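Have a look at input05.cif; it's mmCIF, C-alpha atoms:
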```cif
data_input
loop_
_atom_site.label_atom_id
_atom_site.label_comp_id
_atom_site.auth_asym_id
_atom_site.auth_seq_id
_atom_site.Cartn_x
_atom_site.Cartn_y
_atom_site.Cartn_z
CA MET A 1 23.12 77.16 -11.52
CA LEU A 2 24.11 78.81 -14.80
CA ARG A 3 26.74 81.51 -14.50
CA VAL A 4 28.24 83.49 -17.33
CA SER A 5 31.24 85.73 -16.83
CA GLY A 6 33.09 88.03 -19.19
CA LEU A 7 31.52 86.41 -22.24
CA ALA A 8 32.47 87.85 -25.64
CA ALA A 9 31.54 86.90 -29.18
CA VAL A 10 33.18 87.85 -32.44
CA ARG A 11 31.61 87.33 -35.84
CA GLY A 12 34.10 87.89 -38.64
CA ASP A 13 36.02 90.96 -37.48
CA ARG A 14 33.00 92.49 -35.76
CA ARG A 15 32.60 92.19 -32.04
CA LEU A 16 29.01 91.25 -31.22
CA PHE A 17 29.19 91.60 -27.45
CA ALA A 18 31.82 91.57 -24.75
CA GLY A 19 32.00 91.41 -20.99
CA LEU A 20 28.59 89.79 -20.65
CA GLU A 21 27.84 88.72 -17.08
CA PHE A 22 24.79 87.10 -15.56
CA SER A 23 23.90 84.25 -13.32
CA LEU A 24 20.64 82.31 -13.24
CA GLN A 25 19.24 80.47 -10.27
CA GLN A 26 16.56 77.78 -10.20
CA GLY A 27 13.24 79.06 -11.46
CA ALA A 28 14.77 81.96 -13.37
CA LEU A 29 13.68 83.17 -16.78
CA LEU A 30 16.11 85.11 -18.93
CA TYR A 31 15.04 87.20 -21.89
CA VAL A 32 17.70 87.93 -24.40
CA ARG A 33 16.63 91.02 -26.29
CA GLY A 34 18.19 93.07 -28.99
CA PRO A 35 17.74 94.12 -32.61
CA ASN A 36 18.38 91.74 -35.51
CA GLY A 37 22.05 90.94 -35.86
CA SER A 38 22.95 91.82 -32.30
CA GLY A 39 24.11 88.30 -31.51
CA LYS A 40 21.12 86.76 -29.71
CA THR A 41 21.31 83.44 -31.53
CA THR A 42 25.09 83.41 -31.15
CA LEU A 43 24.70 83.86 -27.41
CA LEU A 44 22.21 81.00 -27.20
CA ARG A 45 24.40 78.71 -29.31
CA MET A 46 27.30 79.65 -27.08
CA LEU A 47 25.31 78.68 -24.00
CA CYS A 48 24.70 75.29 -25.63
CA GLY A 49 28.38 74.84 -26.32
CA LEU A 50 27.90 74.82 -30.09
CA VAL A 51 30.03 77.94 -30.50
CA ALA A 52 33.18 78.54 -28.50
CA PRO A 53 33.23 81.95 -26.81
CA ALA A 54 35.90 84.41 -27.92
CA ALA A 55 36.50 85.18 -24.25
CA GLY A 56 34.88 84.44 -20.93
CA GLU A 57 33.41 81.40 -19.33
CA ILE A 58 30.08 79.60 -18.97
CA CYS A 59 29.63 77.55 -15.80
CA TRP A 60 26.88 75.05 -15.03
CA ARG A 61 26.69 74.13 -11.34
CA GLY A 62 30.12 75.60 -10.83
CA GLU A 63 31.75 73.64 -13.65
CA ALA A 64 32.94 75.28 -16.83
CA ILE A 65 31.38 73.76 -19.96
CA ARG A 66 34.42 73.50 -22.15
CA GLY A 67 34.20 71.01 -24.97
CA ARG A 68 31.45 68.43 -24.58
CA CYS A 69 30.31 68.04 -21.04
CA GLU A 70 27.91 65.08 -20.86
CA THR A 71 26.26 65.98 -17.58
CA TYR A 72 25.52 69.44 -18.94
CA LEU A 73 24.09 68.15 -22.22
CA GLN A 74 21.77 65.83 -20.29
CA GLN A 75 20.32 68.88 -18.55
CA LEU A 76 19.98 70.93 -21.71
CA PHE A 77 17.13 71.37 -24.15
CA TYR A 78 17.80 73.59 -27.15
CA LEU A 79 15.33 74.64 -29.78
CA GLY A 80 16.81 76.68 -32.60
CA HIS A 81 15.31 78.52 -35.55
CA LEU A 82 15.16 75.20 -37.33
CA GLY A 83 12.71 72.82 -35.74
CA ALA A 84 14.91 69.72 -36.20
CA LEU A 85 11.95 67.83 -37.65
CA LYS A 86 12.21 65.24 -40.39
CA ASP A 87 9.72 66.14 -43.11
CA GLU A 88 9.07 62.53 -44.10
CA LEU A 89 8.27 61.35 -40.58
CA THR A 90 5.02 61.86 -38.71
CA GLY A 91 4.80 63.98 -35.59
CA ILE A 92 4.82 60.95 -33.31
CA GLU A 93 7.81 59.39 -35.07
CA ASN A 94 9.68 62.67 -34.86
CA LEU A 95 9.05 62.98 -31.14
CA ARG A 96 9.92 59.37 -30.34
CA ILE A 97 13.13 59.39 -32.37
CA SER A 98 14.40 62.68 -31.00
CA ALA A 99 13.64 61.46 -27.48
CA SER A 100 15.56 58.23 -27.91
CA LEU A 101 18.49 60.12 -29.44
CA ALA A 102 18.51 62.17 -26.26
CA GLY A 103 18.58 58.90 -24.32
CA ARG A 104 14.93 58.63 -23.25
CA GLU A 105 12.35 56.13 -24.37
CA VAL A 106 8.96 57.59 -25.15
CA SER A 107 5.93 55.46 -25.89
CA GLU A 108 3.51 56.22 -28.68
CA GLU A 109 0.84 57.26 -26.15
CA GLN A 110 3.21 59.69 -24.45
CA ALA A 111 4.16 61.22 -27.80
CA LEU A 112 0.51 61.55 -28.76
CA GLU A 113 -0.25 63.15 -25.42
CA ALA A 114 2.56 65.66 -25.92
CA LEU A 115 1.22 66.58 -29.36
CA GLN A 116 -2.24 67.05 -27.91
CA GLY A 117 -0.68 69.08 -25.12
CA MET A 118 0.52 71.52 -27.75
CA GLY A 119 -2.96 71.54 -29.28
CA LEU A 120 -2.26 69.31 -32.27
CA VAL A 121 -5.20 67.04 -32.90
CA ALA A 122 -5.90 64.68 -35.79
CA CYS A 123 -2.67 65.28 -37.66
CA GLU A 124 -0.34 62.98 -35.75
CA ASP A 125 -0.37 60.41 -38.57
CA LEU A 126 0.59 62.88 -41.28
CA PRO A 127 4.18 63.34 -42.37
CA VAL A 128 5.34 66.67 -41.03
CA LYS A 129 5.81 68.10 -44.54
CA PHE A 130 2.04 68.31 -44.91
CA LEU A 131 1.69 70.51 -41.83
CA SER A 132 1.65 74.30 -41.78
CA GLN A 133 4.52 76.38 -40.35
CA GLY A 134 2.70 76.90 -37.08
CA GLN A 135 1.81 73.24 -36.75
CA LYS A 136 5.43 72.23 -37.41
CA ARG A 137 6.50 74.63 -34.71
CA ARG A 138 4.01 73.04 -32.35
CA VAL A 139 5.42 69.56 -33.07
CA ALA A 140 8.91 70.88 -32.35
CA LEU A 141 7.71 72.47 -29.12
CA ALA A 142 5.90 69.30 -28.05
CA ARG A 143 9.39 67.93 -27.36
CA LEU A 144 9.46 70.29 -24.38
CA LEU A 145 6.68 68.29 -22.78
CA LEU A 146 8.69 65.07 -23.11
CA SER A 147 11.98 66.51 -21.92
CA ASP A 148 13.27 66.29 -18.37
CA ALA A 149 16.03 68.83 -18.97
CA ALA A 150 16.47 71.54 -16.37
CA LEU A 151 17.72 74.23 -18.74
CA TRP A 152 15.61 75.21 -21.73
CA ILE A 153 17.23 77.40 -24.34
CA LEU A 154 14.65 78.56 -26.86
CA ASP A 155 15.41 80.69 -29.89
CA GLU A 156 12.30 82.62 -30.92
CA PRO A 157 9.89 79.94 -29.68
CA PHE A 158 6.81 82.04 -30.44
CA THR A 159 7.45 82.49 -34.15
CA ALA A 160 4.60 81.29 -36.38
CA LEU A 161 2.41 80.33 -33.42
CA ASP A 162 -1.17 81.53 -33.06
CA GLN A 163 -2.48 83.19 -29.90
CA LEU A 164 -3.78 79.95 -28.41
CA ALA A 165 -0.48 78.14 -28.91
CA ILE A 166 1.42 81.08 -27.44
CA GLU A 167 -0.72 80.84 -24.31
CA ARG A 168 -0.15 77.09 -24.08
CA LEU A 169 3.59 77.53 -24.45
CA GLN A 170 3.60 80.18 -21.74
CA THR A 171 1.75 77.80 -19.43
CA VAL A 172 4.28 75.08 -20.17
CA MET A 173 7.16 77.44 -19.48
CA ALA A 174 5.59 78.72 -16.29
CA ALA A 175 5.16 75.13 -15.06
CA HIS A 176 8.79 74.40 -15.86
CA LEU A 177 9.91 77.48 -13.93
CA ALA A 178 7.69 76.51 -11.00
CA ARG A 179 9.43 73.11 -10.93
CA GLY A 180 12.74 74.92 -10.52
CA GLY A 181 13.81 74.84 -14.15
CA ILE A 182 15.57 77.60 -16.03
CA VAL A 183 14.44 79.12 -19.31
CA VAL A 184 16.55 81.28 -21.60
CA LEU A 185 14.73 82.68 -24.60
CA THR A 186 14.87 85.29 -27.28
CA THR A 187 11.66 86.86 -28.39
CA HIS A 188 10.29 90.05 -29.85
CA GLN A 189 7.02 89.43 -28.10
CA GLU A 190 5.83 90.45 -24.68
CA VAL A 191 5.45 87.36 -22.52
CA ALA A 192 3.19 87.27 -19.53
CA ILE A 193 5.07 85.11 -17.07
CA THR A 194 5.57 86.09 -13.49
CA ALA A 195 8.78 84.52 -12.29
CA ALA A 196 12.30 85.60 -11.47
CA VAL A 197 12.60 87.40 -14.78
CA MET A 198 15.93 88.77 -15.97
CA GLN A 199 16.80 90.58 -19.14
CA VAL A 200 19.93 90.86 -21.18
CA THR A 201 19.79 93.44 -23.92
CA LEU A 202 22.30 93.24 -26.69
CA GLY A 203 22.97 96.26 -28.84
CA ILE A 204 24.55 96.76 -32.22
CA ARG A 205 28.11 98.01 -31.87
CA ARG A 206 29.66 100.15 -34.52
CA ALA A 207 33.24 99.21 -35.22
CA MET B 1 24.59 53.54 -26.08
CA TRP B 2 23.91 50.86 -28.70
CA ALA B 3 20.24 51.70 -28.51
CA VAL B 4 21.09 55.13 -29.91
CA LEU B 5 23.09 53.61 -32.73
CA ARG B 6 20.20 51.32 -33.59
CA CYS B 7 17.65 54.11 -33.33
CA LEU B 8 19.55 56.36 -35.73
CA PHE B 9 20.20 53.44 -38.09
CA MET B 10 16.50 52.55 -38.19
CA ARG B 11 15.52 56.18 -38.60
CA ASP B 12 17.75 56.63 -41.63
CA LEU B 13 16.45 53.42 -43.17
CA LEU B 14 12.89 54.60 -42.61
CA LEU B 15 13.72 57.95 -44.21
CA ALA B 16 15.30 56.16 -47.17
CA VAL B 17 12.16 54.06 -47.63
CA ARG B 18 10.06 57.23 -47.69
CA ARG B 19 12.51 58.91 -50.08
CA MET B 20 13.03 56.03 -52.48
CA ALA B 21 14.19 58.34 -55.30
CA ASP B 22 17.55 59.01 -53.61
CA VAL B 23 18.30 55.30 -53.39
CA LEU B 24 17.31 54.57 -56.95
CA THR B 25 19.32 57.44 -58.47
CA THR B 26 22.55 56.00 -57.08
CA LEU B 27 21.77 52.52 -58.35
CA PHE B 28 20.73 53.68 -61.80
CA PHE B 29 23.77 55.92 -62.07
CA PHE B 30 25.92 52.86 -61.38
CA VAL B 31 24.11 50.74 -63.97
CA ILE B 32 24.20 53.44 -66.63
CA VAL B 33 27.87 54.33 -66.19
CA VAL B 34 28.88 50.68 -66.41
CA SER B 35 26.65 50.14 -69.43
CA LEU B 36 28.16 53.10 -71.28
CA PHE B 37 31.55 51.46 -71.54
CA PRO B 38 30.67 48.67 -74.00
CA LEU B 39 29.01 51.33 -76.15
CA GLY B 40 32.11 53.50 -76.14
CA VAL B 41 34.84 50.86 -76.23
CA GLY B 42 33.25 48.51 -78.72
CA PRO B 43 31.81 45.04 -78.42
CA GLU B 44 34.98 42.92 -78.55
CA ALA B 45 34.49 40.37 -75.79
CA GLU B 46 38.21 40.15 -75.04
CA THR B 47 38.58 43.90 -74.39
CA LEU B 48 35.44 43.98 -72.29
CA ARG B 49 36.61 41.06 -70.16
CA THR B 50 39.89 42.87 -69.52
CA ILE B 51 38.37 46.17 -68.47
CA ALA B 52 35.40 44.74 -66.55
CA PRO B 53 36.81 44.74 -62.98
CA GLY B 54 38.16 48.26 -63.29
CA VAL B 55 35.00 49.64 -64.88
CA VAL B 56 32.68 48.14 -62.28
CA TRP B 57 34.88 49.35 -59.46
CA VAL B 58 35.31 52.89 -60.80
CA ALA B 59 31.57 53.15 -61.41
CA ALA B 60 30.91 51.95 -57.85
CA LEU B 61 33.27 54.63 -56.54
CA LEU B 62 31.57 57.35 -58.55
CA ALA B 63 28.08 56.18 -57.56
CA SER B 64 28.94 56.20 -53.85
CA MET B 65 30.53 59.60 -54.36
CA LEU B 66 27.25 60.85 -55.80
CA ALA B 67 25.35 59.54 -52.79
CA LEU B 68 27.64 61.24 -50.27
CA GLY B 69 25.75 64.49 -50.70
CA HIS B 70 22.73 62.95 -48.97
CA LEU B 71 24.66 61.72 -45.95
CA PHE B 72 24.57 64.75 -43.66
CA ASP B 73 22.95 67.37 -45.85
CA SER B 74 19.28 66.98 -44.94
CA ASP B 75 20.07 66.63 -41.23
CA PHE B 76 22.15 69.79 -41.50
CA ARG B 77 19.44 71.79 -43.24
CA ASP B 78 16.59 70.90 -40.89
CA GLY B 79 18.60 71.35 -37.70
CA THR B 80 18.63 67.67 -36.68
CA LEU B 81 22.39 67.57 -36.85
CA GLU B 82 22.62 70.41 -34.35
CA GLN B 83 20.39 68.41 -32.01
CA MET B 84 22.63 65.37 -32.46
CA LEU B 85 25.59 67.43 -31.32
CA LEU B 86 23.63 68.34 -28.21
CA THR B 87 22.73 64.79 -27.22
CA PRO B 88 24.85 63.32 -24.46
CA GLN B 89 25.85 60.46 -26.78
CA PRO B 90 29.28 60.29 -28.39
CA LEU B 91 28.97 61.95 -31.77
CA SER B 92 31.25 59.41 -33.47
CA LEU B 93 28.76 56.68 -32.57
CA LEU B 94 25.94 58.65 -34.18
CA VAL B 95 28.10 59.17 -37.26
CA LEU B 96 28.75 55.42 -37.39
CA GLY B 97 25.01 54.73 -37.24
CA LYS B 98 24.36 57.16 -40.06
CA VAL B 99 27.15 55.79 -42.23
CA MET B 100 25.96 52.21 -41.70
CA ALA B 101 22.46 53.11 -42.79
CA HIS B 102 23.87 55.08 -45.70
CA TRP B 103 25.84 52.04 -46.82
CA VAL B 104 22.85 49.72 -46.58
CA VAL B 105 20.85 52.15 -48.67
CA THR B 106 23.41 53.13 -51.29
CA GLY B 107 26.31 50.66 -51.12
CA LEU B 108 24.55 47.35 -50.70
CA PRO B 109 22.38 47.73 -53.83
CA LEU B 110 25.57 48.29 -55.85
CA VAL B 111 27.07 45.11 -54.44
CA LEU B 112 23.96 43.12 -55.31
CA MET B 113 23.76 44.59 -58.81
CA ALA B 114 27.46 44.09 -59.63
CA PRO B 115 27.35 40.39 -60.68
CA LEU B 116 24.68 41.18 -63.22
CA LEU B 117 26.82 43.93 -64.69
CA GLY B 118 29.79 41.55 -64.62
CA LEU B 119 27.85 39.15 -66.81
CA GLN B 120 27.19 42.00 -69.20
CA PHE B 121 30.98 42.21 -69.61
CA ASP B 122 31.27 38.44 -70.05
CA MET B 123 33.27 38.04 -66.86
CA ALA B 124 34.25 34.48 -65.91
CA PRO B 125 31.61 32.99 -63.57
CA ALA B 126 34.37 32.17 -61.07
CA ALA B 127 35.29 35.86 -60.83
CA LEU B 128 31.77 37.03 -59.95
CA PRO B 129 31.86 35.91 -56.29
CA ILE B 130 35.22 37.66 -55.90
CA LEU B 131 33.76 40.83 -57.40
CA VAL B 132 30.90 40.68 -54.90
CA ILE B 133 33.18 40.01 -51.92
CA SER B 134 35.59 42.77 -52.92
CA LEU B 135 32.73 45.25 -53.23
CA LEU B 136 31.25 44.00 -49.97
CA LEU B 137 34.51 44.88 -48.22
CA GLY B 138 35.27 47.97 -50.26
CA THR B 139 32.01 49.91 -50.40
CA PRO B 140 31.63 50.27 -46.60
CA ALA B 141 35.19 51.62 -46.47
CA ILE B 142 34.26 54.05 -49.24
CA SER B 143 31.20 55.23 -47.30
CA LEU B 144 33.25 55.68 -44.14
CA ILE B 145 36.07 57.61 -45.82
CA GLY B 146 33.52 59.64 -47.75
CA ALA B 147 31.75 60.58 -44.53
CA VAL B 148 34.82 62.53 -43.43
CA GLY B 149 34.79 64.50 -46.67
CA ALA B 150 31.04 65.04 -46.52
CA ALA B 151 31.33 66.32 -42.95
CA LEU B 152 34.15 68.69 -43.85
CA THR B 153 32.32 70.23 -46.80
CA LEU B 154 28.98 70.55 -45.03
CA GLY B 155 27.26 73.82 -45.81
CA VAL B 156 30.02 74.89 -48.18
CA ARG B 157 28.87 76.29 -51.51
CA GLY B 158 29.79 73.87 -54.29
CA GLY B 159 30.45 71.26 -51.63
CA SER B 160 29.68 68.31 -53.87
CA VAL B 161 32.51 69.17 -56.26
CA LEU B 162 34.87 69.89 -53.40
CA VAL B 163 34.05 66.60 -51.73
CA SER B 164 35.04 64.66 -54.83
CA LEU B 165 38.39 66.46 -54.97
CA LEU B 166 38.97 65.71 -51.31
CA VAL B 167 37.83 62.14 -51.19
CA LEU B 168 38.62 60.58 -54.57
CA PRO B 169 42.40 60.48 -53.95
CA LEU B 170 41.70 58.67 -50.67
CA TYR B 171 39.73 56.05 -52.56
CA ILE B 172 42.77 55.01 -54.63
CA PRO B 173 43.97 52.20 -52.32
CA VAL B 174 40.46 50.75 -52.15
CA LEU B 175 40.21 50.87 -55.94
CA ILE B 176 43.62 49.27 -56.47
CA PHE B 177 43.00 46.36 -54.14
CA GLY B 178 39.35 45.98 -55.09
CA ALA B 179 39.88 45.80 -58.84
CA GLY B 180 43.15 43.96 -58.22
CA ALA B 181 41.37 41.22 -56.29
CA VAL B 182 39.04 40.53 -59.20
CA GLU B 183 41.87 40.54 -61.75
CA ALA B 184 43.95 38.23 -59.58
CA GLY B 185 40.95 35.94 -59.27
CA ILE B 186 40.50 35.84 -63.04
CA SER B 187 44.17 35.14 -63.73
CA GLY B 188 44.16 32.34 -61.17
CA LEU B 189 46.60 33.96 -58.74
CA GLY B 190 44.11 33.88 -55.89
CA ALA B 191 42.42 36.97 -54.53
CA GLY B 192 43.20 36.27 -50.87
CA ALA B 193 45.94 38.83 -50.40
CA HIS B 194 44.00 41.64 -52.04
CA LEU B 195 40.87 40.84 -50.09
CA SER B 196 42.80 40.76 -46.80
CA LEU B 197 44.20 44.19 -47.55
CA LEU B 198 40.72 45.47 -48.40
CA GLY B 199 39.52 44.06 -45.09
CA ALA B 200 42.37 45.84 -43.31
CA ILE B 201 41.41 49.13 -44.96
CA LEU B 202 37.81 48.60 -43.84
CA VAL B 203 38.85 47.94 -40.23
CA LEU B 204 41.05 51.03 -40.21
CA ALA B 205 38.26 53.14 -41.67
CA LEU B 206 35.80 51.75 -39.11
CA CYS B 207 38.10 52.78 -36.28
CA PHE B 208 39.14 56.22 -37.40
CA ALA B 209 36.64 57.61 -39.92
CA PRO B 210 33.76 58.09 -37.42
CA LEU B 211 36.06 60.00 -35.08
CA ALA B 212 37.40 62.20 -37.87
CA ALA B 213 33.92 62.81 -39.28
CA ALA B 214 32.58 63.73 -35.82
CA THR B 215 35.34 66.29 -35.37
CA ALA B 216 34.72 67.66 -38.85
CA LEU B 217 30.99 67.98 -38.10
CA ARG B 218 31.71 69.96 -34.96
CA ILE B 219 33.92 72.33 -36.94
CA SER B 220 31.35 72.67 -39.73
CA LEU B 221 28.55 73.52 -37.32
CA GLU B 222 30.34 76.15 -35.29
#
```

Could you quickly redo this structure as structure tokens?
Amino acid sequence: MLRVSGLAAVRGDRRLFAGLEFSLQQGALLYVRGPNGSGKTTLLRMLCGLVAPAAGEICWRGEAIRGRCETYLQQLFYLGHLGALKDELTGIENLRISASLAGREVSEEQALEALQGMGLVACEDLPVKFLSQGQKRRVALARLLLSDAALWILDEPFTALDQLAIERLQTVMAAHLARGGIVVLTTHQEVAITAAVMQVTLGIRRA
Amino acid sequence: MWAVLRCLFMRDLLLAVRRMADVLTTLFFFVIVVSLFPLGVGPEAETLRTIAPGVVWVAALLASMLALGHLFDSDFRDGTLEQMLLTPQPLSLLVLGKVMAHWVVTGLPLVLMAPLLGLQFDMAPAALPILVISLLLGTPAISLIGAVGAALTLGVRGGSVLVSLLVLPLYIPVLIFGAGAVEAGISGLGAGAHLSLLGAILVLALCFAPLAAATALRISLE
């Protein structure tokens, strides 16, 4: 489904990685590992098409994703370091608005259910700015439950989450993989998911 | 497609309602700048009548300039803008939705406040409707042109100063025809020609500014 060949990234005059090759089939989980500054986030943003690769190609279902490819974006869910939450809006409003921007209508009940699915109870009416870091992260991750994208690209999804939330997220990811979805994530944490797991390790290169 | 435009428009209005301070700063800036002129120039009614159209228009330009900082900045900082780039919708449409909401929140109050400030300058009652119409056509064009500058300077240190250098020269035609319409109306020449030209500028800006701003956003976010 997702195939990457000869991918290279350059930040300033430093080469982050080059000649990266992998291919992911349905139900595959890819860990991107590496020390800070090794280009993990750059790789993920490249997979989303936010950053153009310095060399190489990214193909989704055999088609290169150059520029903005609508069919690819429909299949993509990206969660970056920033949660993309509006501080002034409540959790439910955040979920419903981001869903309709992605072209899906979500009812208030569905949004509430998704929040509860991530273990958020009794704070759905509060503006997000009153929530703690971990709770904000949970609201951002609740979007996963409302998304029908096949490819999830998650940048450090476990940051700021407590043990219970980490377990819930792992369950959600395992269910997505069982449905034939693909997950690409960076994490410094050991994740207990048994699936077609692949790893890409990026290293720091000295110029 | 239009549902997305409406959704983003309503979202930005809702955010503006919950962040009333941003809206009010622009409006009060406009009122204060205009009110400073009689204090500086002196109270002669004849002088004030002469400078009124220009003063109101320049103040409206500066006030909208001030508000440009809010257009993409908060979406950029909390990552929402990145998500907008990843939606399958055309980015220029999303930009249009944002600019429309931005105008309703920051431009429309200026238009509504302008006649009152015109009275403060003893403008002829017949000129007040022309002032309102010219601002009604001009301020959306200002927001649209400004959006390109705001998108280009996104995330740049000292962006707000840079954006004024980039965008203010582009505002000159709007200023000339806007203030010109009011002056022509006062002198009895008829403001029709000026207003038509303002309308033409608005249509041009509506067609091209969202596309340019969308491209600029993509560059800024890479």

Next item on the list: Quick one: pull the distance between CA of Pro129 (chain B) and CA of Pro115 (chain B), Å, one decimal.
Entry: 7.7 Å

Next item on the list: Give as a ChimeraX atom specification the set of residues within 9 Å of the point (30.3, 66.2, -53.8), where distances use the file's coordinates and all atoms listed in the file.
Entry: /B:65-69,149-150,153,158-165,167

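Using only C-alpha atoms, the nearest neighbour of chain B within the list A:Ala18, A:Ala28, A:Ala64, A:Leu101 is A:Leu101.
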
Check: When the PyMOL selection byres ((chain A) within 6 of (chain B)) is applied to the file above, which residues end up in the set, as a ChimeraX atom specification?
Finding: /A:50-51,70,73-74,82,84,101-102

Output C-alpha atoms for every residue in the selection just made, as a PDB file, keeping the file's coordinate frame.
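Final output, saved to result_26.pdb:
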```pdb
ATOM      1  CA  LEU A  50      27.900  74.820 -30.090  1.00  0.00           C
ATOM      2  CA  VAL A  51      30.030  77.940 -30.500  1.00  0.00           C
ATOM      3  CA  GLU A  70      27.910  65.080 -20.860  1.00  0.00           C
ATOM      4  CA  LEU A  73      24.090  68.150 -22.220  1.00  0.00           C
ATOM      5  CA  GLN A  74      21.770  65.830 -20.290  1.00  0.00           C
ATOM      6  CA  LEU A  82      15.160  75.200 -37.330  1.00  0.00           C
ATOM      7  CA  ALA A  84      14.910  69.720 -36.200  1.00  0.00           C
ATOM      8  CA  LEU A 101      18.490  60.120 -29.440  1.00  0.00           C
ATOM      9  CA  ALA A 102      18.510  62.170 -26.260  1.00  0.00           C
TER      10      ALA A 102
END
```

Residue by residue, what does the PyMOL selection byres ((chain A and resi 116) around 12) grab here? Present the result as an mmCIF file with C-alpha atoms, keeping the file's coordinate frame.
```cif
data_model
loop_
_atom_site.group_PDB
_atom_site.id
_atom_site.type_symbol
_atom_site.label_atom_id
_atom_site.label_comp_id
_atom_site.auth_asym_id
_atom_site.auth_seq_id
_atom_site.Cartn_x
_atom_site.Cartn_y
_atom_site.Cartn_z
ATOM 1 C CA GLY A 91 4.800 63.980 -35.590
ATOM 2 C CA ILE A 92 4.820 60.950 -33.310
ATOM 3 C CA GLU A 109 0.840 57.260 -26.150
ATOM 4 C CA GLN A 110 3.210 59.690 -24.450
ATOM 5 C CA ALA A 111 4.160 61.220 -27.800
ATOM 6 C CA LEU A 112 0.510 61.550 -28.760
ATOM 7 C CA GLU A 113 -0.250 63.150 -25.420
ATOM 8 C CA ALA A 114 2.560 65.660 -25.920
ATOM 9 C CA LEU A 115 1.220 66.580 -29.360
ATOM 10 C CA GLY A 117 -0.680 69.080 -25.120
ATOM 11 C CA MET A 118 0.520 71.520 -27.750
ATOM 12 C CA GLY A 119 -2.960 71.540 -29.280
ATOM 13 C CA LEU A 120 -2.260 69.310 -32.270
ATOM 14 C CA VAL A 121 -5.200 67.040 -32.900
ATOM 15 C CA ALA A 122 -5.900 64.680 -35.790
ATOM 16 C CA CYS A 123 -2.670 65.280 -37.660
ATOM 17 C CA GLU A 124 -0.340 62.980 -35.750
ATOM 18 C CA GLN A 135 1.810 73.240 -36.750
ATOM 19 C CA ARG A 138 4.010 73.040 -32.350
ATOM 20 C CA VAL A 139 5.420 69.560 -33.070
ATOM 21 C CA LEU A 141 7.710 72.470 -29.120
ATOM 22 C CA ALA A 142 5.900 69.300 -28.050
ATOM 23 C CA ARG A 143 9.390 67.930 -27.360
ATOM 24 C CA LEU A 145 6.680 68.290 -22.780
ATOM 25 C CA ALA A 165 -0.480 78.140 -28.910
ATOM 26 C CA ARG A 168 -0.150 77.090 -24.080
#
```

Check: What lies within 8 Å of Phe121 (chain B) using all atoms listed in the file, ignoring chain neighbours under 5 positions off, as an MDAnalysis selection string?
Finding: chainID B and resid 38 45 48:49 52

Generate a file of the selected residues that holds C-alpha atoms, formatted as a PDB file, keeping the file's coordinate frame.
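Listed below is the output, result.pdb:
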```pdb
ATOM      1  CA  PRO B  38      30.670  48.670 -74.000  1.00  0.00           C
ATOM      2  CA  ALA B  45      34.490  40.370 -75.790  1.00  0.00           C
ATOM      3  CA  LEU B  48      35.440  43.980 -72.290  1.00  0.00           C
ATOM      4  CA  ARG B  49      36.610  41.060 -70.160  1.00  0.00           C
ATOM      5  CA  ALA B  52      35.400  44.740 -66.550  1.00  0.00           C
TER       6      ALA B  52
END
```

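Note that CA of Val128 (chain A) and CA of Asp87 (chain A) are 4.9 Å apart.
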
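Counting from CA of Leu195 (chain B), the distance to CA of Ser134 (chain B) is 6.3 Å.
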
Next item on the list: Kindly resolve the PyMOL selection byres ((chain A and resi 31-36) around 7) on the present coordinates and return the residues as JSON, numbers by chain.
Entry: {"A": [29, 30, 37, 38, 40, 184, 185, 186, 187, 198, 199, 200, 201, 202, 203]}

Check: Mind listing as a PyMOL selection string all residues within 12 Å of (9.1, 74.4, -7.9), counting all atoms listed in the file?
Finding: chain A and resi 26-28+150+174-182+195

So that I have them on file, write out the residues from the current selection with C-alpha atoms, as a PDB file, in the coordinates of the input.
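The new file part33.pdb reads:
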```pdb
ATOM      1  CA  GLN A  26      16.560  77.780 -10.200  1.00  0.00           C
ATOM      2  CA  GLY A  27      13.240  79.060 -11.460  1.00  0.00           C
ATOM      3  CA  ALA A  28      14.770  81.960 -13.370  1.00  0.00           C
ATOM      4  CA  ALA A 150      16.470  71.540 -16.370  1.00  0.00           C
ATOM      5  CA  ALA A 174       5.590  78.720 -16.290  1.00  0.00           C
ATOM      6  CA  ALA A 175       5.160  75.130 -15.060  1.00  0.00           C
ATOM      7  CA  HIS A 176       8.790  74.400 -15.860  1.00  0.00           C
ATOM      8  CA  LEU A 177       9.910  77.480 -13.930  1.00  0.00           C
ATOM      9  CA  ALA A 178       7.690  76.510 -11.000  1.00  0.00           C
ATOM     10  CA  ARG A 179       9.430  73.110 -10.930  1.00  0.00           C
ATOM     11  CA  GLY A 180      12.740  74.920 -10.520  1.00  0.00           C
ATOM     12  CA  GLY A 181      13.810  74.840 -14.150  1.00  0.00           C
ATOM     13  CA  ILE A 182      15.570  77.600 -16.030  1.00  0.00           C
ATOM     14  CA  ALA A 195       8.780  84.520 -12.290  1.00  0.00           C
TER      15      ALA A 195
END
```

Notebook entry, point to check: Between B:Phe28, B:Phe37, B:Phe208, B:Phe9, which has the minimum distance to Lys98 (chain B) (counting all atoms listed in the file)?
Noted result: B:Phe9

Next item on the list: Find the spatial neighbours of Leu131 (chain B), counting only C-alpha atoms, within a cut-off of 10 Å - ignore same-chain residues fewer than 5 positions away - and output them as a list in words.
Entry: Pro53, Val56, Trp57, Val111, Ala114, Pro115, Gly118, Met123, Ala126, Leu136, Gly178, Ala179, Gly180, Ala181, Val182, Glu183, Gly185 and Ala191 of chain B

Next item on the list: Fewer than 5 positions away in the same chain doesn't count, so skip those; otherwise give me all residues within 12 Å of Ala9 (chain A), counting all atoms listed in the file, as a ChimeraX atom specification.
Entry: /A:14-20,38-47,51-57,202,205
